[in-house]
>>> print(open('start_36.txt').read())   # compact mmCIF, N, CA and C atoms
# COMPACT_ATOMS: atom_id res chain seq x y z
N MET A 1 48.53 -19.41 -6.16
CA MET A 1 47.54 -19.93 -7.07
C MET A 1 46.35 -20.51 -6.30
N ARG A 2 46.63 -21.20 -5.18
CA ARG A 2 45.55 -21.78 -4.38
C ARG A 2 44.66 -20.69 -3.81
N VAL A 3 45.27 -19.58 -3.42
CA VAL A 3 44.49 -18.47 -2.87
C VAL A 3 43.54 -17.94 -3.94
N PHE A 4 44.02 -17.78 -5.15
CA PHE A 4 43.19 -17.30 -6.26
C PHE A 4 42.02 -18.25 -6.51
N ILE A 5 42.27 -19.54 -6.53
CA ILE A 5 41.21 -20.53 -6.76
C ILE A 5 40.20 -20.50 -5.63
N CYS A 6 40.67 -20.37 -4.39
CA CYS A 6 39.75 -20.29 -3.25
C CYS A 6 38.89 -19.03 -3.34
N LEU A 7 39.49 -17.91 -3.68
CA LEU A 7 38.72 -16.66 -3.83
C LEU A 7 37.72 -16.76 -4.96
N LEU A 8 38.11 -17.36 -6.06
CA LEU A 8 37.20 -17.55 -7.19
C LEU A 8 36.04 -18.44 -6.79
N PHE A 9 36.31 -19.53 -6.13
CA PHE A 9 35.28 -20.46 -5.67
C PHE A 9 34.32 -19.76 -4.72
N PHE A 10 34.84 -19.02 -3.76
CA PHE A 10 34.00 -18.30 -2.80
C PHE A 10 33.13 -17.27 -3.50
N THR A 11 33.71 -16.54 -4.43
CA THR A 11 32.97 -15.50 -5.16
C THR A 11 31.84 -16.09 -5.98
N LEU A 12 32.10 -17.17 -6.67
CA LEU A 12 31.07 -17.80 -7.50
C LEU A 12 29.89 -18.28 -6.68
N PHE A 13 30.15 -18.89 -5.54
CA PHE A 13 29.06 -19.43 -4.75
C PHE A 13 28.40 -18.41 -3.84
N SER A 14 29.05 -17.30 -3.59
CA SER A 14 28.42 -16.26 -2.78
C SER A 14 27.48 -15.40 -3.61
N CYS A 15 27.56 -15.48 -4.91
CA CYS A 15 26.68 -14.70 -5.79
C CYS A 15 25.57 -15.58 -6.35
N SER A 16 24.99 -16.39 -5.53
CA SER A 16 23.94 -17.29 -6.00
C SER A 16 22.61 -16.56 -6.08
N SER A 17 21.56 -17.26 -6.43
CA SER A 17 20.25 -16.67 -6.58
C SER A 17 19.58 -16.40 -5.24
N SER A 18 20.27 -16.59 -4.14
CA SER A 18 19.68 -16.31 -2.84
C SER A 18 19.82 -14.84 -2.47
N ASP A 19 20.03 -13.99 -3.45
CA ASP A 19 20.09 -12.55 -3.23
C ASP A 19 18.78 -12.10 -2.60
N PRO A 20 18.80 -11.52 -1.38
CA PRO A 20 17.56 -11.15 -0.71
C PRO A 20 16.74 -10.12 -1.48
N LEU A 21 17.36 -9.31 -2.32
CA LEU A 21 16.58 -8.35 -3.11
C LEU A 21 15.73 -9.05 -4.16
N ALA A 22 16.01 -10.32 -4.45
CA ALA A 22 15.26 -11.03 -5.47
C ALA A 22 14.23 -11.99 -4.88
N ASP A 23 14.12 -12.09 -3.54
CA ASP A 23 13.28 -13.10 -2.93
C ASP A 23 11.88 -12.62 -2.57
N ASN A 24 11.60 -11.36 -2.61
CA ASN A 24 10.30 -10.84 -2.19
C ASN A 24 9.38 -10.65 -3.38
N SER A 25 8.08 -10.67 -3.11
CA SER A 25 7.13 -10.37 -4.18
C SER A 25 6.88 -8.87 -4.19
N CYS A 26 6.63 -8.33 -5.35
CA CYS A 26 6.46 -6.90 -5.53
C CYS A 26 5.06 -6.48 -5.06
N VAL A 27 4.97 -5.69 -3.98
CA VAL A 27 3.68 -5.27 -3.44
C VAL A 27 3.39 -3.83 -3.88
N GLY A 28 2.13 -3.49 -3.89
CA GLY A 28 1.69 -2.21 -4.43
C GLY A 28 2.04 -1.00 -3.60
N LEU A 29 2.20 0.11 -4.28
CA LEU A 29 2.36 1.43 -3.69
C LEU A 29 1.01 1.85 -3.12
N GLU A 30 1.01 2.48 -1.96
CA GLU A 30 -0.23 3.00 -1.38
C GLU A 30 -0.28 4.51 -1.51
N ILE A 31 -1.42 5.01 -1.93
CA ILE A 31 -1.67 6.45 -1.97
C ILE A 31 -2.61 6.74 -0.81
N ASP A 32 -2.06 7.30 0.27
CA ASP A 32 -2.82 7.45 1.51
C ASP A 32 -2.26 8.64 2.30
N ALA A 33 -2.97 9.74 2.30
CA ALA A 33 -2.50 10.96 2.97
C ALA A 33 -2.39 10.77 4.48
N SER A 34 -3.30 10.01 5.10
CA SER A 34 -3.24 9.85 6.56
C SER A 34 -2.02 9.03 6.98
N LYS A 35 -1.68 7.99 6.24
CA LYS A 35 -0.48 7.22 6.54
C LYS A 35 0.77 8.05 6.26
N PHE A 36 0.71 8.87 5.20
CA PHE A 36 1.86 9.69 4.83
C PHE A 36 2.21 10.67 5.95
N ASP A 37 1.20 11.18 6.66
CA ASP A 37 1.41 12.15 7.73
C ASP A 37 1.51 11.49 9.11
N SER A 38 1.56 10.18 9.15
CA SER A 38 1.59 9.43 10.40
C SER A 38 2.99 9.44 11.03
N PRO A 39 3.06 9.35 12.36
CA PRO A 39 4.37 9.22 13.01
C PRO A 39 5.01 7.84 12.80
N ASN A 40 4.27 6.90 12.21
CA ASN A 40 4.81 5.55 12.00
C ASN A 40 5.80 5.47 10.85
N ASN A 41 6.08 6.56 10.17
CA ASN A 41 7.03 6.50 9.07
C ASN A 41 8.33 7.21 9.41
N PHE A 42 8.74 7.12 10.64
CA PHE A 42 10.03 7.68 11.06
C PHE A 42 11.03 6.53 11.23
N GLY A 43 12.28 6.84 11.06
CA GLY A 43 13.31 5.88 11.39
C GLY A 43 13.55 4.77 10.39
N ILE A 44 12.98 4.86 9.21
CA ILE A 44 13.24 3.85 8.17
C ILE A 44 14.13 4.52 7.13
N ASN A 45 15.31 3.96 6.93
CA ASN A 45 16.28 4.56 6.02
C ASN A 45 16.42 3.73 4.75
N LEU A 46 16.35 4.39 3.61
CA LEU A 46 16.59 3.75 2.33
C LEU A 46 18.10 3.64 2.13
N ILE A 47 18.60 2.40 2.06
CA ILE A 47 20.04 2.18 1.93
C ILE A 47 20.44 2.07 0.47
N GLU A 48 19.72 1.21 -0.27
CA GLU A 48 20.01 1.06 -1.70
C GLU A 48 18.74 0.63 -2.41
N TYR A 49 18.75 0.79 -3.73
CA TYR A 49 17.58 0.42 -4.52
C TYR A 49 18.00 -0.05 -5.89
N VAL A 50 17.11 -0.79 -6.52
CA VAL A 50 17.22 -1.18 -7.93
C VAL A 50 15.82 -1.04 -8.50
N LEU A 51 15.68 -0.32 -9.59
CA LEU A 51 14.38 -0.19 -10.27
C LEU A 51 14.41 -1.09 -11.48
N ASP A 52 13.53 -2.08 -11.50
CA ASP A 52 13.43 -3.05 -12.58
C ASP A 52 12.03 -2.95 -13.17
N GLU A 53 11.93 -2.30 -14.35
CA GLU A 53 10.63 -2.00 -14.94
C GLU A 53 9.86 -1.12 -13.96
N SER A 54 8.74 -1.61 -13.41
CA SER A 54 8.01 -0.81 -12.44
C SER A 54 8.15 -1.35 -11.02
N CYS A 55 9.02 -2.32 -10.81
CA CYS A 55 9.22 -2.90 -9.47
C CYS A 55 10.49 -2.30 -8.84
N LEU A 56 10.31 -1.70 -7.68
CA LEU A 56 11.40 -1.07 -6.95
C LEU A 56 11.87 -2.04 -5.86
N HIS A 57 13.10 -2.50 -5.98
CA HIS A 57 13.72 -3.38 -4.99
C HIS A 57 14.52 -2.48 -4.05
N VAL A 58 14.24 -2.56 -2.75
CA VAL A 58 14.92 -1.68 -1.80
C VAL A 58 15.55 -2.47 -0.66
N SER A 59 16.61 -1.91 -0.14
CA SER A 59 17.22 -2.38 1.09
C SER A 59 17.01 -1.25 2.10
N LEU A 60 16.39 -1.59 3.23
CA LEU A 60 16.01 -0.59 4.22
C LEU A 60 16.71 -0.83 5.54
N GLY A 61 17.08 0.23 6.21
CA GLY A 61 17.58 0.15 7.57
C GLY A 61 16.46 0.51 8.52
N VAL A 62 16.17 -0.38 9.48
CA VAL A 62 15.05 -0.20 10.40
C VAL A 62 15.52 -0.49 11.82
N SER A 63 15.12 0.37 12.75
CA SER A 63 15.43 0.07 14.15
C SER A 63 14.24 -0.63 14.78
N GLY A 64 14.50 -1.39 15.83
CA GLY A 64 13.43 -2.10 16.51
C GLY A 64 13.96 -3.23 17.36
N CYS A 65 13.06 -4.03 17.89
CA CYS A 65 13.42 -5.16 18.75
C CYS A 65 13.73 -6.40 17.94
N ASP A 66 13.15 -6.51 16.74
CA ASP A 66 13.41 -7.65 15.86
C ASP A 66 13.21 -7.19 14.42
N ASP A 67 13.40 -8.10 13.48
CA ASP A 67 13.29 -7.72 12.07
C ASP A 67 11.90 -8.00 11.49
N ASP A 68 10.90 -8.17 12.34
CA ASP A 68 9.54 -8.44 11.89
C ASP A 68 8.78 -7.12 11.72
N HIS A 69 8.90 -6.54 10.55
CA HIS A 69 8.24 -5.25 10.26
C HIS A 69 7.44 -5.38 8.98
N GLU A 70 6.16 -5.00 9.04
CA GLU A 70 5.35 -4.89 7.83
C GLU A 70 5.46 -3.44 7.37
N ILE A 71 6.08 -3.24 6.19
CA ILE A 71 6.38 -1.90 5.73
C ILE A 71 5.70 -1.65 4.39
N ASP A 72 5.04 -0.50 4.28
CA ASP A 72 4.40 -0.08 3.03
C ASP A 72 5.18 1.08 2.44
N LEU A 73 5.18 1.17 1.12
CA LEU A 73 5.67 2.36 0.43
C LEU A 73 4.46 3.25 0.20
N ILE A 74 4.52 4.49 0.68
CA ILE A 74 3.35 5.36 0.63
C ILE A 74 3.69 6.71 0.01
N THR A 75 2.66 7.34 -0.52
CA THR A 75 2.71 8.72 -0.99
C THR A 75 1.35 9.33 -0.71
N ASN A 76 1.31 10.65 -0.60
CA ASN A 76 0.02 11.31 -0.44
C ASN A 76 -0.62 11.60 -1.79
N GLY A 77 0.09 11.32 -2.87
CA GLY A 77 -0.45 11.48 -4.21
C GLY A 77 -0.35 12.88 -4.77
N VAL A 78 0.27 13.79 -4.02
CA VAL A 78 0.41 15.17 -4.48
C VAL A 78 1.57 15.24 -5.47
N LEU A 79 1.28 15.67 -6.68
CA LEU A 79 2.28 15.80 -7.73
C LEU A 79 2.78 17.24 -7.73
N PHE A 80 4.05 17.42 -7.43
CA PHE A 80 4.65 18.75 -7.40
C PHE A 80 5.24 19.07 -8.77
N SER A 81 4.88 20.23 -9.30
CA SER A 81 5.40 20.63 -10.61
C SER A 81 6.80 21.17 -10.46
N SER A 82 7.67 20.74 -11.34
CA SER A 82 9.05 21.17 -11.33
C SER A 82 9.57 21.03 -12.75
N ASP A 83 10.73 21.62 -13.02
CA ASP A 83 11.30 21.53 -14.35
C ASP A 83 12.64 20.83 -14.25
N PRO A 84 12.96 19.80 -14.96
CA PRO A 84 12.25 19.28 -16.12
C PRO A 84 11.19 18.23 -15.76
N LEU A 85 11.25 17.64 -14.55
CA LEU A 85 10.29 16.60 -14.17
C LEU A 85 9.48 17.03 -12.97
N SER A 86 8.20 16.67 -12.97
CA SER A 86 7.42 16.82 -11.75
C SER A 86 7.86 15.73 -10.79
N PHE A 87 7.52 15.88 -9.52
CA PHE A 87 7.97 14.87 -8.59
C PHE A 87 6.90 14.53 -7.56
N LEU A 88 7.00 13.30 -7.05
CA LEU A 88 6.18 12.79 -5.97
C LEU A 88 7.11 12.51 -4.79
N VAL A 89 6.60 12.73 -3.60
CA VAL A 89 7.39 12.42 -2.40
C VAL A 89 6.85 11.12 -1.82
N PHE A 90 7.75 10.18 -1.56
CA PHE A 90 7.40 8.89 -0.99
C PHE A 90 7.99 8.76 0.40
N ASP A 91 7.42 7.85 1.16
CA ASP A 91 7.96 7.50 2.46
C ASP A 91 7.63 6.04 2.73
N PHE A 92 8.19 5.51 3.79
CA PHE A 92 7.93 4.13 4.19
C PHE A 92 7.12 4.16 5.47
N TYR A 93 6.08 3.33 5.55
CA TYR A 93 5.18 3.27 6.69
C TYR A 93 5.37 1.92 7.39
N ASP A 94 5.67 1.96 8.67
CA ASP A 94 5.86 0.75 9.47
C ASP A 94 4.59 0.49 10.27
N HIS A 95 3.93 -0.64 10.02
CA HIS A 95 2.68 -0.97 10.72
C HIS A 95 2.89 -1.23 12.21
N SER A 96 4.09 -1.61 12.59
CA SER A 96 4.34 -1.91 14.00
C SER A 96 5.72 -1.38 14.42
N PRO A 97 5.85 -0.05 14.55
CA PRO A 97 7.15 0.49 14.95
C PRO A 97 7.53 -0.02 16.34
N GLN A 98 8.81 -0.23 16.53
CA GLN A 98 9.32 -0.78 17.78
C GLN A 98 10.33 0.19 18.38
N LEU A 99 10.27 0.37 19.68
CA LEU A 99 11.11 1.36 20.35
C LEU A 99 12.38 0.76 20.94
N CYS A 100 12.97 -0.19 20.26
CA CYS A 100 14.25 -0.76 20.68
C CYS A 100 15.35 -0.15 19.82
N GLU A 101 16.59 -0.29 20.26
CA GLU A 101 17.69 0.35 19.55
C GLU A 101 18.47 -0.58 18.62
N ALA A 102 18.03 -1.81 18.46
CA ALA A 102 18.70 -2.71 17.51
C ALA A 102 18.44 -2.20 16.09
N TYR A 103 19.34 -2.51 15.18
CA TYR A 103 19.23 -2.02 13.81
C TYR A 103 19.26 -3.21 12.86
N PHE A 104 18.28 -3.26 11.95
CA PHE A 104 18.15 -4.38 11.02
C PHE A 104 18.14 -3.86 9.59
N THR A 105 18.60 -4.68 8.67
CA THR A 105 18.51 -4.38 7.25
C THR A 105 17.48 -5.32 6.64
N LEU A 106 16.48 -4.75 5.99
CA LEU A 106 15.39 -5.52 5.40
C LEU A 106 15.35 -5.28 3.91
N GLU A 107 14.93 -6.27 3.16
CA GLU A 107 14.74 -6.12 1.72
C GLU A 107 13.26 -6.22 1.41
N ARG A 108 12.78 -5.32 0.57
CA ARG A 108 11.38 -5.31 0.15
C ARG A 108 11.31 -4.95 -1.32
N GLU A 109 10.15 -5.23 -1.93
CA GLU A 109 9.90 -4.87 -3.33
C GLU A 109 8.54 -4.20 -3.41
N PHE A 110 8.49 -3.11 -4.18
CA PHE A 110 7.26 -2.35 -4.32
C PHE A 110 6.96 -2.08 -5.79
N ASP A 111 5.69 -2.24 -6.16
CA ASP A 111 5.24 -2.01 -7.53
C ASP A 111 4.88 -0.53 -7.69
N LEU A 112 5.59 0.17 -8.56
CA LEU A 112 5.37 1.60 -8.76
C LEU A 112 4.37 1.90 -9.87
N SER A 113 3.78 0.89 -10.48
CA SER A 113 2.90 1.14 -11.63
C SER A 113 1.69 1.99 -11.26
N LYS A 114 1.34 2.08 -9.98
CA LYS A 114 0.21 2.91 -9.55
C LYS A 114 0.49 4.40 -9.79
N ILE A 115 1.75 4.77 -10.01
CA ILE A 115 2.08 6.15 -10.35
C ILE A 115 1.32 6.58 -11.60
N ARG A 116 1.06 5.63 -12.46
CA ARG A 116 0.35 5.93 -13.72
C ARG A 116 -1.07 6.43 -13.46
N THR A 117 -1.64 6.18 -12.27
CA THR A 117 -2.97 6.71 -11.94
C THR A 117 -2.89 8.18 -11.53
N ILE A 118 -1.66 8.64 -11.21
CA ILE A 118 -1.46 10.03 -10.81
C ILE A 118 -1.06 10.89 -12.01
N THR A 119 -0.18 10.35 -12.85
CA THR A 119 0.30 11.09 -14.01
C THR A 119 0.69 10.12 -15.12
N ASN A 120 0.60 10.58 -16.35
CA ASN A 120 1.04 9.74 -17.47
C ASN A 120 2.39 10.20 -18.02
N LYS A 121 3.07 11.07 -17.27
CA LYS A 121 4.38 11.57 -17.68
C LYS A 121 5.46 10.96 -16.80
N ASP A 122 6.70 11.07 -17.25
CA ASP A 122 7.83 10.66 -16.42
C ASP A 122 7.82 11.51 -15.15
N VAL A 123 8.22 10.91 -14.05
CA VAL A 123 8.17 11.62 -12.77
C VAL A 123 9.40 11.24 -11.94
N SER A 124 9.85 12.19 -11.15
CA SER A 124 10.94 11.94 -10.22
C SER A 124 10.32 11.51 -8.88
N VAL A 125 10.74 10.37 -8.40
CA VAL A 125 10.29 9.86 -7.11
C VAL A 125 11.35 10.25 -6.08
N GLN A 126 10.95 11.06 -5.11
CA GLN A 126 11.87 11.50 -4.08
C GLN A 126 11.41 10.96 -2.74
N PHE A 127 12.36 10.56 -1.92
CA PHE A 127 12.05 9.95 -0.64
C PHE A 127 12.24 10.97 0.47
N ARG A 128 11.23 11.07 1.32
CA ARG A 128 11.30 11.99 2.45
C ARG A 128 12.46 11.58 3.34
N ASN A 129 13.19 12.53 3.85
CA ASN A 129 14.35 12.31 4.73
C ASN A 129 15.47 11.57 4.03
N SER A 130 15.60 11.76 2.71
CA SER A 130 16.65 11.11 1.94
C SER A 130 17.05 12.01 0.78
N THR A 131 18.27 11.85 0.32
CA THR A 131 18.71 12.58 -0.87
C THR A 131 18.51 11.76 -2.13
N ILE A 132 17.97 10.56 -1.99
CA ILE A 132 17.78 9.67 -3.14
C ILE A 132 16.53 10.06 -3.91
N SER A 133 16.67 10.16 -5.22
CA SER A 133 15.51 10.33 -6.10
C SER A 133 15.68 9.40 -7.29
N ILE A 134 14.56 8.92 -7.80
CA ILE A 134 14.54 7.94 -8.88
C ILE A 134 13.63 8.46 -9.97
N VAL A 135 14.06 8.37 -11.21
CA VAL A 135 13.21 8.76 -12.33
C VAL A 135 12.39 7.54 -12.74
N PHE A 136 11.06 7.68 -12.65
CA PHE A 136 10.13 6.64 -13.08
C PHE A 136 9.59 7.04 -14.44
N GLU A 137 9.91 6.23 -15.44
CA GLU A 137 9.49 6.54 -16.81
C GLU A 137 8.13 5.90 -17.09
N ASN A 138 7.17 6.74 -17.45
CA ASN A 138 5.82 6.26 -17.77
C ASN A 138 5.69 5.85 -19.20
>>> encode(input="start_36.txt", output="structure tokens")
Amino acid sequence: MRVFICLLFFTLFSCSSSDPLADNSCVGLEIDASKFDSPNNFGINLIEYVLDESCLHVSLGVSGCDDDHEIDLITNGVLFSSDPLSFLVFDFYDHSPQLCEAYFTLEREFDLSKIRTITNKDVSVQFRNSTISIVFEN
């Protein structure tokens, strides 16, 4: 019985509002072809995501010397026609890539509402170098 109470106590307090996916402010999506084709968007892995309205909460795996990375969510803005949904390809851009082998998990939030400037229809958001795709409902 004591073990159950201890586990319950631990579980309740470990699920507090300090969830790192909830601590960041939602920053805008960038539509930038030059950044999209840049070598600075290698080595960033999308681990998990939550889409809340138009805010995309992501957990990213990043290699480097430390966890100080300024990361943008980018697309070149090219809408690919497909059936049943058209799709956009996204990637992550690291302003200061680091050539160290340490691996960090970072949480970020991105505002996807700028997709509405590209299309007024529902669209599939696909991430380069990933099998993850997200349906963004306009």
>>> select_by_dssp(input="start_36.txt", residues="chain A", states="alpha helix (DSSP H)", output="PyMOL selection string")
chain A and resi 2-14+33-36
>>> closest_residue(input="start_36.txt", among="A:Ala102, A:Ile47, A:Cys65, A:Cys55", to="A:Phe127", atoms="only C-alpha atoms")
A:Ile47
>>> atom_distance(input="start_36.txt", atom1="atom CA of A:Val27", atom2="atom CA of A:Glu109")
6.2 Å
>>> closest_residue(input="start_36.txt", among="A:Gln98, A:Ile115, A:Ser124, A:Ser130", to="A:Pro84", atoms="all atoms listed in the file")
A:Ser124
>>> closest_residue(input="start_36.txt", among="A:Val62, A:Val78, A:Leu106, A:Val125", to="A:Phe90", atoms="only C-alpha atoms")
A:Val125
>>> closest_residue(input="start_36.txt", among="A:Lys121, A:His57, A:Lys35, A:His95", to="A:Asn138", atoms="all atoms listed in the file")
A:Lys121
>>> select_by_dssp(input="start_36.txt", residues="stretch 18-136 of chain A", states="strand (DSSP E)", output="tab-separated table (two decimals) with N, CA and C atoms, in the coordinates of the input")
chain	number	residue	atom	x	y	z
A	27	VAL	N	4.97	-5.69	-3.98
A	27	VAL	CA	3.68	-5.27	-3.44
A	27	VAL	C	3.39	-3.83	-3.88
A	28	GLY	N	2.13	-3.49	-3.89
A	28	GLY	CA	1.69	-2.21	-4.43
A	28	GLY	C	2.04	-1.00	-3.60
A	30	GLU	N	1.01	2.48	-1.96
A	30	GLU	CA	-0.23	3.00	-1.38
A	30	GLU	C	-0.28	4.51	-1.51
A	31	ILE	N	-1.42	5.01	-1.93
A	31	ILE	CA	-1.67	6.45	-1.97
A	31	ILE	C	-2.61	6.74	-0.81
A	44	ILE	N	12.98	4.86	9.21
A	44	ILE	CA	13.24	3.85	8.17
A	44	ILE	C	14.13	4.52	7.13
A	45	ASN	N	15.31	3.96	6.93
A	45	ASN	CA	16.28	4.56	6.02
A	45	ASN	C	16.42	3.73	4.75
A	46	LEU	N	16.35	4.39	3.61
A	46	LEU	CA	16.59	3.75	2.33
A	46	LEU	C	18.10	3.64	2.13
A	47	ILE	N	18.60	2.40	2.06
A	47	ILE	CA	20.04	2.18	1.93
A	47	ILE	C	20.44	2.07	0.47
A	48	GLU	N	19.72	1.21	-0.27
A	48	GLU	CA	20.01	1.06	-1.70
A	48	GLU	C	18.74	0.63	-2.41
A	49	TYR	N	18.75	0.79	-3.73
A	49	TYR	CA	17.58	0.42	-4.52
A	49	TYR	C	18.00	-0.05	-5.89
A	50	VAL	N	17.11	-0.79	-6.52
A	50	VAL	CA	17.22	-1.18	-7.93
A	50	VAL	C	15.82	-1.04	-8.50
A	51	LEU	N	15.68	-0.32	-9.59
A	51	LEU	CA	14.38	-0.19	-10.27
A	51	LEU	C	14.41	-1.09	-11.48
A	52	ASP	N	13.53	-2.08	-11.50
A	52	ASP	CA	13.43	-3.05	-12.58
A	52	ASP	C	12.03	-2.95	-13.17
A	55	CYS	N	9.02	-2.32	-10.81
A	55	CYS	CA	9.22	-2.90	-9.47
A	55	CYS	C	10.49	-2.30	-8.84
A	56	LEU	N	10.31	-1.70	-7.68
A	56	LEU	CA	11.40	-1.07	-6.95
A	56	LEU	C	11.87	-2.04	-5.86
A	57	HIS	N	13.10	-2.50	-5.98
A	57	HIS	CA	13.72	-3.38	-4.99
A	57	HIS	C	14.52	-2.48	-4.05
A	58	VAL	N	14.24	-2.56	-2.75
A	58	VAL	CA	14.92	-1.68	-1.80
A	58	VAL	C	15.55	-2.47	-0.66
A	59	SER	N	16.61	-1.91	-0.14
A	59	SER	CA	17.22	-2.38	1.09
A	59	SER	C	17.01	-1.25	2.10
A	60	LEU	N	16.39	-1.59	3.23
A	60	LEU	CA	16.01	-0.59	4.22
A	60	LEU	C	16.71	-0.83	5.54
A	61	GLY	N	17.08	0.23	6.21
A	61	GLY	CA	17.58	0.15	7.57
A	61	GLY	C	16.46	0.51	8.52
A	62	VAL	N	16.17	-0.38	9.48
A	62	VAL	CA	15.05	-0.20	10.40
A	62	VAL	C	15.52	-0.49	11.82
A	63	SER	N	15.12	0.37	12.75
A	63	SER	CA	15.43	0.07	14.15
A	63	SER	C	14.24	-0.63	14.78
A	64	GLY	N	14.50	-1.39	15.83
A	64	GLY	CA	13.43	-2.10	16.51
A	64	GLY	C	13.96	-3.23	17.36
A	71	ILE	N	6.08	-3.24	6.19
A	71	ILE	CA	6.38	-1.90	5.73
A	71	ILE	C	5.70	-1.65	4.39
A	72	ASP	N	5.04	-0.50	4.28
A	72	ASP	CA	4.40	-0.08	3.03
A	72	ASP	C	5.18	1.08	2.44
A	73	LEU	N	5.18	1.17	1.12
A	73	LEU	CA	5.67	2.36	0.43
A	73	LEU	C	4.46	3.25	0.20
A	74	ILE	N	4.52	4.49	0.68
A	74	ILE	CA	3.35	5.36	0.63
A	74	ILE	C	3.69	6.71	0.01
A	75	THR	N	2.66	7.34	-0.52
A	75	THR	CA	2.71	8.72	-0.99
A	75	THR	C	1.35	9.33	-0.71
A	86	SER	N	8.20	16.67	-12.97
A	86	SER	CA	7.42	16.82	-11.75
A	86	SER	C	7.86	15.73	-10.79
A	87	PHE	N	7.52	15.88	-9.52
A	87	PHE	CA	7.97	14.87	-8.59
A	87	PHE	C	6.90	14.53	-7.56
A	88	LEU	N	7.00	13.30	-7.05
A	88	LEU	CA	6.18	12.79	-5.97
A	88	LEU	C	7.11	12.51	-4.79
A	89	VAL	N	6.60	12.73	-3.60
A	89	VAL	CA	7.39	12.42	-2.40
A	89	VAL	C	6.85	11.12	-1.82
A	90	PHE	N	7.75	10.18	-1.56
A	90	PHE	CA	7.40	8.89	-0.99
A	90	PHE	C	7.99	8.76	0.40
A	91	ASP	N	7.42	7.85	1.16
A	91	ASP	CA	7.96	7.50	2.46
A	91	ASP	C	7.63	6.04	2.73
A	92	PHE	N	8.19	5.51	3.79
A	92	PHE	CA	7.93	4.13	4.19
A	92	PHE	C	7.12	4.16	5.47
A	93	TYR	N	6.08	3.33	5.55
A	93	TYR	CA	5.18	3.27	6.69
A	93	TYR	C	5.37	1.92	7.39
A	94	ASP	N	5.67	1.96	8.67
A	94	ASP	CA	5.86	0.75	9.47
A	94	ASP	C	4.59	0.49	10.27
A	102	ALA	N	18.03	-1.81	18.46
A	102	ALA	CA	18.70	-2.71	17.51
A	102	ALA	C	18.44	-2.20	16.09
A	103	TYR	N	19.34	-2.51	15.18
A	103	TYR	CA	19.23	-2.02	13.81
A	103	TYR	C	19.26	-3.21	12.86
A	104	PHE	N	18.28	-3.26	11.95
A	104	PHE	CA	18.15	-4.38	11.02
A	104	PHE	C	18.14	-3.86	9.59
A	105	THR	N	18.60	-4.68	8.67
A	105	THR	CA	18.51	-4.38	7.25
A	105	THR	C	17.48	-5.32	6.64
A	106	LEU	N	16.48	-4.75	5.99
A	106	LEU	CA	15.39	-5.52	5.40
A	106	LEU	C	15.35	-5.28	3.91
A	107	GLU	N	14.93	-6.27	3.16
A	107	GLU	CA	14.74	-6.12	1.72
A	107	GLU	C	13.26	-6.22	1.41
A	108	ARG	N	12.78	-5.32	0.57
A	108	ARG	CA	11.38	-5.31	0.15
A	108	ARG	C	11.31	-4.95	-1.32
A	109	GLU	N	10.15	-5.23	-1.93
A	109	GLU	CA	9.90	-4.87	-3.33
A	109	GLU	C	8.54	-4.20	-3.41
A	110	PHE	N	8.49	-3.11	-4.18
A	110	PHE	CA	7.26	-2.35	-4.32
A	110	PHE	C	6.96	-2.08	-5.79
A	111	ASP	N	5.69	-2.24	-6.16
A	111	ASP	CA	5.24	-2.01	-7.53
A	111	ASP	C	4.88	-0.53	-7.69
A	123	VAL	N	8.22	10.91	-14.05
A	123	VAL	CA	8.17	11.62	-12.77
A	123	VAL	C	9.40	11.24	-11.94
A	124	SER	N	9.85	12.19	-11.15
A	124	SER	CA	10.94	11.94	-10.22
A	124	SER	C	10.32	11.51	-8.88
A	125	VAL	N	10.74	10.37	-8.40
A	125	VAL	CA	10.29	9.86	-7.11
A	125	VAL	C	11.35	10.25	-6.08
A	126	GLN	N	10.95	11.06	-5.11
A	126	GLN	CA	11.87	11.50	-4.08
A	126	GLN	C	11.41	10.96	-2.74
A	127	PHE	N	12.36	10.56	-1.92
A	127	PHE	CA	12.05	9.95	-0.64
A	127	PHE	C	12.24	10.97	0.47
A	133	SER	N	16.67	10.16	-5.22
A	133	SER	CA	15.51	10.33	-6.10
A	133	SER	C	15.68	9.40	-7.29
A	134	ILE	N	14.56	8.92	-7.80
A	134	ILE	CA	14.54	7.94	-8.88
A	134	ILE	C	13.63	8.46	-9.97
A	135	VAL	N	14.06	8.37	-11.21
A	135	VAL	CA	13.21	8.76	-12.33
A	135	VAL	C	12.39	7.54	-12.74
A	136	PHE	N	11.06	7.68	-12.65
A	136	PHE	CA	10.13	6.64	-13.08
A	136	PHE	C	9.59	7.04	-14.44
>>> atom_distance(input="start_36.txt", atom1="atom CA of A:Tyr93", atom2="atom CA of A:Ile74")
6.7 Å
>>> closest_residue(input="start_36.txt", among="A:Thr117, A:Arg128, A:Ser133, A:Glu107", to="A:Asp37", atoms="only C-alpha atoms")
A:Arg128
>>> closest_residue(input="start_36.txt", among="A:Arg108, A:Thr75, A:Phe80, A:Gln126", to="A:Val58", atoms="all atoms listed in the file")
A:Arg108
>>> atom_distance(input="start_36.txt", atom1="atom C of A:Ser38", atom2="atom C of A:Asp94")
9.1 Å
>>> axis_aligned_box(input="start_36.txt", around="stretch 61-75 of chain A", padding_each_side="8 Å", output="lines of an AutoDock Vina configuration file")
center_x = 9.5
center_y = 0.4
center_z = 8.9
size_x = 32.2
size_y = 33.8
size_z = 35.7
>>> residues_near_point(input="start_36.txt", point="(4.4, -2.9, -4.6)", cutoff="6.5 Å", atoms="only N, CA and C atoms", output="number ranges by chain")
A: 25-29, 109-112
>>> residues_near_point(input="start_36.txt", point="(-0.3, 7.6, 1.4)", cutoff="6.5 Å", atoms="all atoms listed in the file", output="JSON, numbers by chain")
{"A": [30, 31, 32, 33, 34, 35, 36, 74, 75, 76, 77]}
